[in-house]
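Next comes structure-v2.csv, a file with CSV, C-alpha atoms.
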```
chain,number,residue,atom,x,y,z
G,293,MET,CA,5.7,21.3,17.7
G,294,SER,CA,6.6,20.0,21.0
G,295,THR,CA,5.6,16.4,21.6
G,296,PRO,CA,4.1,15.0,24.8
G,297,ASN,CA,7.3,13.2,25.6
G,298,GLU,CA,9.6,16.1,25.2
G,299,PRO,CA,10.7,18.7,27.7
G,300,GLN,CA,9.8,22.2,26.6
G,301,ASN,CA,12.6,23.7,24.6
G,302,PRO,CA,13.1,27.4,25.5
G,303,TYR,CA,14.6,28.1,22.1
G,304,GLY,CA,11.8,26.7,20.2
G,305,GLU,CA,14.0,24.7,18.0
G,306,GLN,CA,12.1,23.0,15.3
G,307,PRO,CA,13.1,19.6,14.0
G,308,GLN,CA,15.3,20.0,11.0
G,309,ASN,CA,14.3,18.8,7.7
G,310,PRO,CA,17.3,17.0,6.1
G,311,GLU,CA,16.4,18.7,2.9
G,312,ASP,CA,16.0,22.1,4.5
G,313,PRO,CA,17.9,24.6,2.3
G,314,PHE,CA,18.7,26.7,5.3
G,315,ARG,CA,20.4,23.9,7.0
G,316,LYS,CA,23.7,24.4,5.3
G,317,ALA,CA,23.9,28.1,5.7
G,318,ASP,CA,24.8,29.1,9.2
G,319,PRO,CA,23.7,32.7,9.6
G,320,SER,CA,25.2,33.2,13.1
G,321,GLY,CA,28.4,31.4,12.6
G,322,GLN,CA,27.7,29.5,15.8
G,323,PRO,CA,29.8,26.5,16.6
G,324,PRO,CA,28.0,23.2,16.3
G,325,ALA,CA,25.1,23.5,18.7
G,326,ALA,CA,25.1,21.6,21.9
G,327,PRO,CA,22.8,18.7,21.8
G,328,GLN,CA,19.3,19.8,22.4
G,329,TYR,CA,17.9,17.7,25.1
G,330,GLY,CA,14.9,15.9,24.1
G,331,ALA,CA,15.4,16.7,20.4
G,332,PRO,CA,13.2,14.2,18.7
G,333,GLY,CA,14.8,11.9,16.2
G,334,TYR,CA,12.8,12.9,13.2
G,335,GLY,CA,13.7,11.0,10.1
G,336,ALA,CA,14.5,8.0,12.2
G,337,PRO,CA,11.6,5.6,12.3
G,338,GLN,CA,13.1,3.9,15.3
G,339,ALA,CA,12.3,4.8,18.8
G,340,PRO,CA,13.4,8.4,19.6
G,341,GLN,CA,16.7,8.5,21.3
G,342,TYR,CA,16.3,11.1,23.9
G,343,GLY,CA,19.3,13.2,24.7
G,344,ALA,CA,21.1,12.0,21.6
G,345,PRO,CA,22.3,14.7,19.3
G,346,GLN,CA,20.5,13.8,16.1
G,347,TYR,CA,21.9,16.6,14.0
G,348,PRO,CA,25.1,17.7,15.6
G,349,GLY,CA,26.0,20.5,13.2
G,350,THR,CA,22.5,22.0,13.0
G,351,PRO,CA,22.3,25.6,14.0
G,352,GLN,CA,19.4,26.8,16.1
G,353,TYR,CA,16.7,28.7,14.5
G,354,PRO,CA,14.6,30.6,16.9
G,355,GLY,CA,11.3,31.0,15.1
G,356,GLY,CA,12.7,29.1,12.1
G,357,PRO,CA,10.6,27.6,9.4
G,358,GLN,CA,7.9,25.4,10.7
G,359,TYR,CA,8.0,21.9,9.5
G,360,PRO,CA,4.6,21.4,7.9
G,361,ALA,CA,3.3,18.3,9.6
G,362,ALA,CA,4.6,16.7,12.7
G,363,PRO,CA,4.1,13.0,12.7
G,364,PRO,CA,1.9,11.8,15.4
G,365,TYR,CA,3.9,10.6,18.3
G,366,GLN,CA,3.1,7.2,19.8
G,367,GLY,CA,4.3,7.1,23.3
G,368,GLY,CA,7.6,5.2,23.1
G,369,TYR,CA,7.3,4.7,19.4
G,370,GLY,CA,8.7,6.6,16.4
G,371,PRO,CA,6.5,8.3,13.9
G,372,THR,CA,3.9,6.1,12.4
G,373,PRO,CA,4.3,5.7,8.7
G,374,PRO,CA,1.1,6.7,6.7
G,375,PRO,CA,-0.7,3.8,5.1
G,376,ASN,CA,0.5,3.2,1.5
G,377,TYR,CA,-2.5,1.1,0.5
G,378,LEU,CA,-0.2,-1.2,-1.4
G,379,VAL,CA,-2.5,-4.2,-0.8
G,380,TRP,CA,-5.5,-2.3,-2.2
G,381,ALA,CA,-3.3,-1.1,-5.1
G,382,ILE,CA,-2.3,-4.7,-5.9
G,383,LEU,CA,-5.9,-6.0,-5.6
G,384,THR,CA,-7.2,-3.2,-7.9
G,385,THR,CA,-4.5,-4.0,-10.4
G,386,VAL,CA,-5.1,-7.7,-10.5
G,387,LEU,CA,-8.8,-7.8,-10.1
G,388,CYS,CA,-10.2,-4.6,-11.7
G,389,CYS,CA,-8.3,-4.5,-14.9
G,390,LEU,CA,-7.8,-0.8,-14.9
G,391,PRO,CA,-4.7,1.3,-15.1
G,392,LEU,CA,-5.8,3.1,-11.9
G,393,GLY,CA,-4.3,0.3,-9.9
G,394,ILE,CA,-0.9,0.9,-11.5
G,395,ALA,CA,-1.2,4.6,-10.5
G,396,SER,CA,-2.0,3.5,-7.0
G,397,ILE,CA,1.1,1.4,-6.9
G,398,VAL,CA,3.2,4.4,-8.0
G,399,PHE,CA,1.8,6.5,-5.1
G,400,SER,CA,2.3,3.6,-2.7
G,401,SER,CA,6.0,3.6,-3.5
G,402,GLN,CA,6.1,7.4,-3.1
G,403,VAL,CA,4.6,7.0,0.4
G,404,ASN,CA,7.5,4.8,1.5
G,405,SER,CA,10.2,6.8,-0.2
G,406,LYS,CA,9.0,10.1,1.1
G,407,PHE,CA,8.6,8.7,4.6
G,408,ALA,CA,12.1,7.3,4.5
G,409,GLN,CA,13.4,10.7,3.6
G,410,GLY,CA,11.5,12.3,6.5
G,411,ASP,CA,9.0,14.1,4.2
G,412,TYR,CA,6.0,13.3,6.3
G,413,ALA,CA,3.7,15.7,4.7
G,414,GLY,CA,4.6,14.5,1.3
G,415,ALA,CA,4.1,10.9,2.4
G,416,ALA,CA,0.7,11.7,3.8
G,417,ASN,CA,-0.2,13.4,0.5
G,418,SER,CA,0.9,10.4,-1.6
G,419,SER,CA,-0.9,8.1,0.8
G,420,ASN,CA,-4.1,9.9,0.1
G,421,LYS,CA,-3.5,9.7,-3.7
G,422,ALA,CA,-2.8,6.0,-3.4
G,423,LYS,CA,-6.1,5.5,-1.6
G,424,GLN,CA,-8.0,7.6,-4.1
G,425,PHE,CA,-6.7,5.7,-7.1
G,426,ALA,CA,-7.2,2.3,-5.6
G,427,LEU,CA,-10.7,3.3,-4.4
G,428,TRP,CA,-11.8,4.7,-7.8
G,429,GLY,CA,-10.3,1.8,-9.6
G,430,ALA,CA,-12.4,-0.6,-7.5
G,431,ILE,CA,-15.5,1.6,-7.8
G,432,ILE,CA,-15.3,1.9,-11.6
G,433,GLY,CA,-14.5,-1.8,-11.9
G,434,LEU,CA,-17.5,-2.6,-9.7
G,435,VAL,CA,-19.8,-0.3,-11.7
G,436,LEU,CA,-18.7,-1.8,-15.0
G,437,GLY,CA,-19.2,-5.3,-13.6
G,438,VAL,CA,-22.7,-4.5,-12.3
G,439,GLY,CA,-23.5,-2.8,-15.6
G,440,TRP,CA,-22.3,-5.9,-17.5
G,441,ALA,CA,-24.5,-8.1,-15.3
G,442,ILE,CA,-27.5,-5.8,-16.1
G,443,VAL,CA,-26.8,-6.0,-19.8
G,444,VAL,CA,-26.5,-9.7,-19.7
G,445,GLY,CA,-29.6,-10.0,-17.6
G,446,VAL,CA,-31.5,-7.9,-20.2
G,447,THR,CA,-30.1,-9.3,-23.4
G,448,GLY,CA,-29.6,-12.9,-22.4
G,449,SER,CA,-26.1,-14.3,-22.9
G,450,PHE,CA,-23.2,-12.2,-23.8
G,451,SER,CA,-21.2,-13.5,-26.7
G,452,SER,CA,-17.8,-12.9,-25.1
G,453,SER,CA,-15.9,-15.9,-23.8
G,454,THR,CA,-13.3,-13.9,-21.9
G,455,SER,CA,-13.8,-13.1,-18.4
G,456,TYR,CA,-11.5,-11.4,-15.9
E,81,MET,CA,9.9,-10.6,6.1
E,82,SER,CA,10.6,-8.9,9.4
E,83,ASP,CA,11.0,-5.5,7.8
E,84,VAL,CA,8.0,-5.9,5.6
E,85,VAL,CA,4.9,-4.5,7.2
E,86,PRO,CA,1.7,-4.2,5.3
E,87,THR,CA,-0.9,-1.6,5.5
E,88,GLU,CA,-4.3,-3.3,5.7
E,89,GLN,CA,-4.7,-2.2,9.3
E,90,VAL,CA,-5.3,1.3,8.2
E,91,ALA,CA,-7.7,0.6,5.4
E,92,VAL,CA,-10.3,2.7,7.1
E,93,GLY,CA,-8.0,5.7,6.5
E,94,THR,CA,-7.3,6.6,10.0
E,95,THR,CA,-3.9,6.9,11.6
E,96,PRO,CA,-4.1,5.6,15.1
E,97,THR,CA,-3.0,8.1,17.6
E,98,SER,CA,-1.7,7.7,21.1
E,99,ASP,CA,-4.9,8.7,22.8
E,100,ALA,CA,-6.8,5.9,21.1
E,101,PRO,CA,-5.9,2.8,23.0
E,102,ARG,CA,-4.9,0.0,20.7
E,103,ARG,CA,-6.8,-3.2,20.9
E,104,ARG,CA,-4.6,-6.2,21.2
E,105,GLY,CA,-4.9,-9.9,21.6
E,106,ALA,CA,-7.8,-11.8,20.3
E,107,SER,CA,-10.2,-8.8,20.0
E,108,ALA,CA,-7.8,-7.1,17.6
E,109,LEU,CA,-8.1,-10.0,15.2
E,110,ALA,CA,-11.6,-9.1,14.0
E,111,GLY,CA,-10.2,-7.3,10.9
E,112,PRO,CA,-7.9,-10.1,9.7
E,113,ALA,CA,-10.7,-12.6,10.4
E,114,ALA,CA,-13.3,-10.6,8.4
E,115,VAL,CA,-10.8,-10.4,5.5
E,116,ALA,CA,-10.2,-14.1,5.6
E,117,LEU,CA,-14.0,-14.8,5.7
E,118,ALA,CA,-14.6,-12.5,2.7
E,119,ALA,CA,-11.7,-14.0,0.7
E,120,GLY,CA,-12.7,-17.5,1.6
E,121,GLY,CA,-16.3,-16.8,0.5
E,122,ALA,CA,-15.1,-15.3,-2.8
E,123,LEU,CA,-12.9,-18.3,-3.4
E,124,VAL,CA,-15.8,-20.8,-2.8
E,125,VAL,CA,-17.9,-18.9,-5.3
E,126,LEU,CA,-15.0,-18.9,-7.8
E,127,ALA,CA,-14.4,-22.6,-7.3
E,128,LYS,CA,-18.1,-23.4,-7.9
E,129,VAL,CA,-18.9,-21.0,-10.7
E,130,ASP,CA,-16.4,-21.6,-13.4
E,131,PRO,CA,-15.0,-18.3,-14.8
E,132,SER,CA,-13.9,-20.0,-18.0
E,133,GLN,CA,-17.5,-20.5,-19.0
E,134,PRO,CA,-18.8,-17.5,-20.8
E,135,GLY,CA,-21.5,-15.4,-19.1
E,136,HIS,CA,-20.6,-16.2,-15.6
E,137,TYR,CA,-18.5,-13.1,-14.9
E,138,PRO,CA,-18.0,-9.7,-16.5
E,139,THR,CA,-15.4,-9.4,-19.3
E,140,CYS,CA,-12.4,-7.3,-18.3
E,141,PRO,CA,-13.3,-3.8,-19.3
E,142,PHE,CA,-9.8,-3.0,-20.6
E,143,LEU,CA,-9.9,-6.1,-22.8
E,144,PHE,CA,-13.4,-5.3,-24.0
E,145,LEU,CA,-12.5,-1.7,-24.9
E,146,THR,CA,-9.0,-2.2,-26.3
E,147,GLY,CA,-8.7,-5.8,-27.3
E,148,LEU,CA,-5.5,-6.0,-25.3
E,149,TYR,CA,-4.9,-8.0,-22.2
E,150,CYS,CA,-4.3,-6.1,-18.9
E,151,PRO,CA,-2.2,-7.4,-16.1
E,152,GLY,CA,-5.3,-8.8,-14.4
E,153,CYS,CA,-6.8,-10.7,-17.3
E,154,GLY,CA,-7.2,-14.3,-16.4
E,155,SER,CA,-7.0,-13.7,-12.7
E,156,LEU,CA,-10.4,-15.1,-12.0
E,157,ARG,CA,-9.7,-18.2,-13.9
E,158,ALA,CA,-6.3,-18.5,-12.2
E,159,LEU,CA,-8.1,-18.2,-8.8
E,160,HIS,CA,-10.6,-20.8,-9.9
E,161,ASP,CA,-7.6,-23.1,-10.7
E,162,LEU,CA,-5.9,-22.3,-7.4
E,163,ALA,CA,-9.1,-23.2,-5.6
E,164,HIS,CA,-8.9,-26.6,-7.3
E,165,LEU,CA,-5.2,-26.8,-6.3
E,166,ASP,CA,-4.2,-26.6,-10.0
E,167,VAL,CA,-1.2,-24.3,-9.7
E,168,VAL,CA,0.1,-25.1,-13.2
E,169,GLY,CA,-3.3,-24.2,-14.7
E,170,ALA,CA,-3.4,-21.0,-12.6
E,171,TRP,CA,0.2,-20.1,-13.8
E,172,GLY,CA,-1.0,-20.6,-17.4
E,173,MET,CA,-3.9,-18.2,-16.9
E,174,ASN,CA,-2.1,-15.4,-15.0
E,175,PRO,CA,1.4,-15.9,-13.6
E,176,LEU,CA,1.3,-12.5,-11.9
E,177,LEU,CA,-1.6,-13.6,-9.7
E,178,VAL,CA,0.2,-16.8,-8.7
E,179,VAL,CA,3.2,-14.6,-7.6
E,180,VAL,CA,1.0,-12.1,-5.8
E,181,VAL,CA,-1.2,-14.5,-3.8
E,182,PRO,CA,1.6,-15.7,-1.5
E,183,VAL,CA,2.8,-12.1,-1.0
E,184,LEU,CA,-0.8,-11.0,0.0
E,185,LEU,CA,-0.9,-14.0,2.3
E,186,ALA,CA,2.3,-12.9,4.0
E,187,PHE,CA,1.0,-9.4,4.4
E,188,TRP,CA,-2.1,-10.9,6.0
E,189,VAL,CA,0.0,-13.0,8.4
E,190,ALA,CA,2.1,-9.9,9.3
E,191,TRP,CA,-1.2,-8.0,9.9
E,192,ILE,CA,-2.3,-10.7,12.4
E,193,VAL,CA,1.0,-10.6,14.2
E,194,ARG,CA,1.0,-6.8,14.5
E,195,SER,CA,-2.7,-6.8,15.6
E,196,TRP,CA,-2.0,-9.4,18.2
E,197,ARG,CA,0.9,-7.5,19.7
E,198,GLY,CA,-1.0,-4.2,19.5
E,199,ALA,CA,1.9,-2.5,18.0
E,200,PRO,CA,1.6,0.3,15.4
E,201,ARG,CA,3.1,-0.1,12.0
E,202,GLN,CA,6.7,1.0,12.5
E,203,ARG,CA,8.7,0.1,9.4
E,204,VAL,CA,7.9,0.3,5.8
E,205,ILE,CA,9.0,-1.7,2.8
E,206,PRO,CA,11.9,0.0,0.9
E,207,ALA,CA,10.3,2.0,-1.9
E,208,LEU,CA,12.7,0.2,-4.3
E,209,TRP,CA,10.8,-3.1,-3.8
E,210,ILE,CA,7.5,-1.5,-4.7
E,211,ASN,CA,9.2,0.1,-7.8
E,212,VAL,CA,10.6,-3.3,-8.8
E,213,PHE,CA,7.1,-4.8,-8.5
E,214,LEU,CA,5.7,-1.9,-10.5
E,215,GLY,CA,8.3,-2.6,-13.3
E,216,LEU,CA,7.3,-6.2,-13.2
E,217,VAL,CA,3.6,-5.5,-13.6
E,218,LEU,CA,4.3,-3.1,-16.5
E,219,ALA,CA,6.6,-5.5,-18.2
E,220,PHE,CA,4.1,-8.3,-17.8
E,221,TRP,CA,1.4,-6.1,-19.2
E,222,VAL,CA,3.4,-5.4,-22.4
E,223,ALA,CA,4.8,-8.9,-22.7
E,224,ARG,CA,1.6,-10.8,-22.6
E,225,ASN,CA,0.3,-8.8,-25.5
E,226,ILE,CA,3.3,-9.7,-27.7
E,227,PRO,CA,2.1,-12.6,-29.9
E,228,ALA,CA,5.3,-14.5,-29.6
E,229,LEU,CA,5.0,-14.6,-25.8
E,230,ALA,CA,1.3,-15.1,-25.7
E,231,PRO,CA,1.4,-18.9,-25.3
E,232,TRP,CA,3.1,-18.4,-22.0
E,233,LEU,CA,1.8,-15.2,-20.7
E,234,ALA,CA,-1.7,-14.6,-22.2
E,235,PRO,CA,-4.7,-16.2,-20.5
```

Represent the structure of the file as structure tokens.
Amino acid sequence: MSTPNEPQNPYGEQPQNPEDPFRKADPSGQPPAAPQYGAPGYGAPQAPQYGAPQYPGTPQYPGGPQYPAAPPYQGGYGPTPPPNYLVWAILTTVLCCLPLGIASIVFSSQVNSKFAQGDYAGAANSSNKAKQFALWGAIIGLVLGVGWAIVVGVTGSFSSSTSY
Amino acid sequence: MSDVVPTEQVAVGTTPTSDAPRRRGASALAGPAAVALAAGGALVVLAKVDPSQPGHYPTCPFLFLTGLYCPGCGSLRALHDLAHLDVVGAWGMNPLLVVVVPVLLAFWVAWIVRSWRGAPRQRVIPALWINVFLGLVLAFWVARNIPALAPWLAP
């Protein structure tokens, strides 16, 4: 879990999930841990503040629960938010006339809320769903459009006066 | 708009990593330029081929299947009107589209700025904003199918 910018931590401390149920319980009754040098500022999208105690009261967990997905570290930058495909979701909603675009917007929102909470794995998952819904909305809309064009080409004019 | 960062950059589904050097400057603007070209081309076609004439474009599948308007119904006609600088006409066809176009333009500009600087996407829109937009879309969807509101909201 160590990052390229971080000195090796002999205690193997893992970044603490703010929602970690183990966080409250202090099994060893240790006093608030000394600031871990180089503890990455997970949950903070800003540049990591090296040497700053991000979670002062957090006990150490040698071999504690692994955080599922470490955000990729950009040298000198904080974790990169996963794409939320909001633009694709909007375009699918406005141009493809299918409820799939709405679902994509829902997952776009989840990407941002989960990322803001530090749930990077969940955000990546929602990101993928937002992409899938927008993509399939666009594909189905396109297929229906091409199908319509074929029908019109075969049968002549279509009697409908309403377009997109 | 400083804390609003769009996501077009990662449309290819890859998250740039630190070992992939980021292009910056003019060479990084190929993406935004391609999008502008495609959008401009589509707009030219829409301006020339009138969507309010039957038979030019497909009918909205949702409208065709259900008889109800979807949030996107009228968007092609609204874009046609916008291409002819008729904002009032566009608003009458699909007010949601008229609201969304400036937002998309702003996203596009932010994309250019970010590409030019070669910086990764750092901040995200508060999820609340997206949820408000979602509520707006859903309310619009329902409202434009209410006959009493149809003169304002239906295409």

Give the answer as one residue: which of E:Ala106, E:Val167, E:Ala228, E:Leu176 has the shortest atom-to-atom distance to chain G, using all atoms listed in the file?
->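 Smallest distance to chain G is found for E:Leu176.
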
One-decimal distance in Å that lies between atom CA of Val212 of chain E and atom CA of Asn404 of chain G |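 Rounded to one decimal, the two atoms are 13.5 Å apart.
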
Starting from the point (0.4, -14.5, 5.9), work out which residues of protein, DNA or RNA have an atom no more than 12 Å away when counting all atoms listed in the file; state them as a PyMOL selection string.
-> chain E and resi 81+84-86+112+115-116+180-194

Measure the distance from atom CA of Trp428 of chain G to atom CA of Ala108 of chain E in Å and round it to one decimal.
->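 It comes out at 28.3 Å.
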
If you count only C-alpha atoms, which residues fall within 12 Å of segment 154-165 of chain E, apart from same-chain ones fewer than 5 positions away, as a PDB file with C-alpha atoms, in the frame of the given file?
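Okay, part_25.pdb is ready:
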```pdb
ATOM      1  CA  LEU G 383      -5.900  -6.000  -5.600  1.00  0.00           C
ATOM      2  CA  THR G 384      -7.200  -3.200  -7.900  1.00  0.00           C
ATOM      3  CA  THR G 385      -4.500  -4.000 -10.400  1.00  0.00           C
ATOM      4  CA  VAL G 386      -5.100  -7.700 -10.500  1.00  0.00           C
ATOM      5  CA  LEU G 387      -8.800  -7.800 -10.100  1.00  0.00           C
ATOM      6  CA  CYS G 388     -10.200  -4.600 -11.700  1.00  0.00           C
ATOM      7  CA  CYS G 389      -8.300  -4.500 -14.900  1.00  0.00           C
ATOM      8  CA  SER G 453     -15.900 -15.900 -23.800  1.00  0.00           C
ATOM      9  CA  THR G 454     -13.300 -13.900 -21.900  1.00  0.00           C
ATOM     10  CA  SER G 455     -13.800 -13.100 -18.400  1.00  0.00           C
ATOM     11  CA  TYR G 456     -11.500 -11.400 -15.900  1.00  0.00           C
TER      12      TYR G 456
ATOM     13  CA  ALA E 119     -11.700 -14.000   0.700  1.00  0.00           C
ATOM     14  CA  GLY E 120     -12.700 -17.500   1.600  1.00  0.00           C
ATOM     15  CA  GLY E 121     -16.300 -16.800   0.500  1.00  0.00           C
ATOM     16  CA  ALA E 122     -15.100 -15.300  -2.800  1.00  0.00           C
ATOM     17  CA  LEU E 123     -12.900 -18.300  -3.400  1.00  0.00           C
ATOM     18  CA  VAL E 124     -15.800 -20.800  -2.800  1.00  0.00           C
ATOM     19  CA  VAL E 125     -17.900 -18.900  -5.300  1.00  0.00           C
ATOM     20  CA  LEU E 126     -15.000 -18.900  -7.800  1.00  0.00           C
ATOM     21  CA  ALA E 127     -14.400 -22.600  -7.300  1.00  0.00           C
ATOM     22  CA  LYS E 128     -18.100 -23.400  -7.900  1.00  0.00           C
ATOM     23  CA  VAL E 129     -18.900 -21.000 -10.700  1.00  0.00           C
ATOM     24  CA  ASP E 130     -16.400 -21.600 -13.400  1.00  0.00           C
ATOM     25  CA  PRO E 131     -15.000 -18.300 -14.800  1.00  0.00           C
ATOM     26  CA  SER E 132     -13.900 -20.000 -18.000  1.00  0.00           C
ATOM     27  CA  GLN E 133     -17.500 -20.500 -19.000  1.00  0.00           C
ATOM     28  CA  PRO E 134     -18.800 -17.500 -20.800  1.00  0.00           C
ATOM     29  CA  HIS E 136     -20.600 -16.200 -15.600  1.00  0.00           C
ATOM     30  CA  TYR E 137     -18.500 -13.100 -14.900  1.00  0.00           C
ATOM     31  CA  PRO E 138     -18.000  -9.700 -16.500  1.00  0.00           C
ATOM     32  CA  THR E 139     -15.400  -9.400 -19.300  1.00  0.00           C
ATOM     33  CA  CYS E 140     -12.400  -7.300 -18.300  1.00  0.00           C
ATOM     34  CA  LEU E 143      -9.900  -6.100 -22.800  1.00  0.00           C
ATOM     35  CA  TYR E 149      -4.900  -8.000 -22.200  1.00  0.00           C
ATOM     36  CA  ALA E 170      -3.400 -21.000 -12.600  1.00  0.00           C
ATOM     37  CA  TRP E 171       0.200 -20.100 -13.800  1.00  0.00           C
ATOM     38  CA  GLY E 172      -1.000 -20.600 -17.400  1.00  0.00           C
ATOM     39  CA  MET E 173      -3.900 -18.200 -16.900  1.00  0.00           C
ATOM     40  CA  ASN E 174      -2.100 -15.400 -15.000  1.00  0.00           C
ATOM     41  CA  PRO E 175       1.400 -15.900 -13.600  1.00  0.00           C
ATOM     42  CA  LEU E 176       1.300 -12.500 -11.900  1.00  0.00           C
ATOM     43  CA  LEU E 177      -1.600 -13.600  -9.700  1.00  0.00           C
ATOM     44  CA  VAL E 178       0.200 -16.800  -8.700  1.00  0.00           C
ATOM     45  CA  VAL E 179       3.200 -14.600  -7.600  1.00  0.00           C
ATOM     46  CA  VAL E 180       1.000 -12.100  -5.800  1.00  0.00           C
ATOM     47  CA  VAL E 181      -1.200 -14.500  -3.800  1.00  0.00           C
ATOM     48  CA  PRO E 182       1.600 -15.700  -1.500  1.00  0.00           C
ATOM     49  CA  ARG E 224       1.600 -10.800 -22.600  1.00  0.00           C
ATOM     50  CA  LEU E 233       1.800 -15.200 -20.700  1.00  0.00           C
ATOM     51  CA  ALA E 234      -1.700 -14.600 -22.200  1.00  0.00           C
ATOM     52  CA  PRO E 235      -4.700 -16.200 -20.500  1.00  0.00           C
TER      53      PRO E 235
END
```

Within 9 Å of Ile210 of chain E, counting only C-alpha atoms, which residues qualify if same-chain residues fewer than 2 places away don't, as a PDB file with C-alpha atoms, in the coordinates of the input?
```pdb
ATOM      1  CA  LEU G 378      -0.200  -1.200  -1.400  1.00  0.00           C
ATOM      2  CA  ILE G 397       1.100   1.400  -6.900  1.00  0.00           C
ATOM      3  CA  VAL G 398       3.200   4.400  -8.000  1.00  0.00           C
ATOM      4  CA  SER G 400       2.300   3.600  -2.700  1.00  0.00           C
ATOM      5  CA  SER G 401       6.000   3.600  -3.500  1.00  0.00           C
ATOM      6  CA  ASN G 404       7.500   4.800   1.500  1.00  0.00           C
TER       7      ASN G 404
ATOM      8  CA  ILE E 205       9.000  -1.700   2.800  1.00  0.00           C
ATOM      9  CA  PRO E 206      11.900   0.000   0.900  1.00  0.00           C
ATOM     10  CA  ALA E 207      10.300   2.000  -1.900  1.00  0.00           C
ATOM     11  CA  LEU E 208      12.700   0.200  -4.300  1.00  0.00           C
ATOM     12  CA  VAL E 212      10.600  -3.300  -8.800  1.00  0.00           C
ATOM     13  CA  PHE E 213       7.100  -4.800  -8.500  1.00  0.00           C
ATOM     14  CA  LEU E 214       5.700  -1.900 -10.500  1.00  0.00           C
ATOM     15  CA  GLY E 215       8.300  -2.600 -13.300  1.00  0.00           C
TER      16      GLY E 215
END
```

Which is closer to chain G than all the others in E:Val204, E:Ala118, E:Val222, E:Ala113, using only C-alpha atoms?
-> E:Val204

For Trp209 of chain E, which residue out of G:Pro391, G:Gln402, G:Val444, G:Ser396 is the nearest one, using all atoms listed in the file?
-> G:Gln402

So which one's closest to chain E, G:Ala441, G:Leu392, G:Thr447, G:Gly414? Using only C-alpha atoms, please.
->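 Selected residue with least distance to chain E: G:Ala441.
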
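From atom CA of Trp232 of chain E back to atom CA of Leu218 of chain E, the distance works out to 16.3 Å.
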
Which is closer to Leu148 of chain E than all the others in G:Val403, G:Leu390, G:Leu427, G:Val438, using only C-alpha atoms?
-> G:Leu390

Closest of G:Ile394, G:Ala422, G:Ala381, G:Ile431 to chain E, counting all atoms listed in the file, is G:Ile394

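Within the 7 Å cut-off around Arg104 of chain E, using only C-alpha atoms and omitting residues fewer than 6 positions from it on the same chain, the listed residues are Ser195, Trp196, Arg197 and Gly198 of chain E.
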
The selected residues should be written to file as an mmCIF file, keeping the file's coordinate frame (atoms: C-alpha atoms).
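Output below, filename part.cif:
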```
data_model
loop_
_atom_site.group_PDB
_atom_site.id
_atom_site.type_symbol
_atom_site.label_atom_id
_atom_site.label_comp_id
_atom_site.auth_asym_id
_atom_site.auth_seq_id
_atom_site.Cartn_x
_atom_site.Cartn_y
_atom_site.Cartn_z
ATOM 1 C CA SER E 195 -2.700 -6.800 15.600
ATOM 2 C CA TRP E 196 -2.000 -9.400 18.200
ATOM 3 C CA ARG E 197 0.900 -7.500 19.700
ATOM 4 C CA GLY E 198 -1.000 -4.200 19.500
#
```

Specify the axis-aligned box that encloses all atoms of segment 230-233 of chain E listed in the file after padding of 8 Å on each side, stating its centre and edge lengths in Å to one decimal as AutoDock Vina command-line options.
```
--center_x 2.2 --center_y -17.0 --center_z -23.2 --size_x 17.8 --size_y 19.8 --size_z 21.0
```
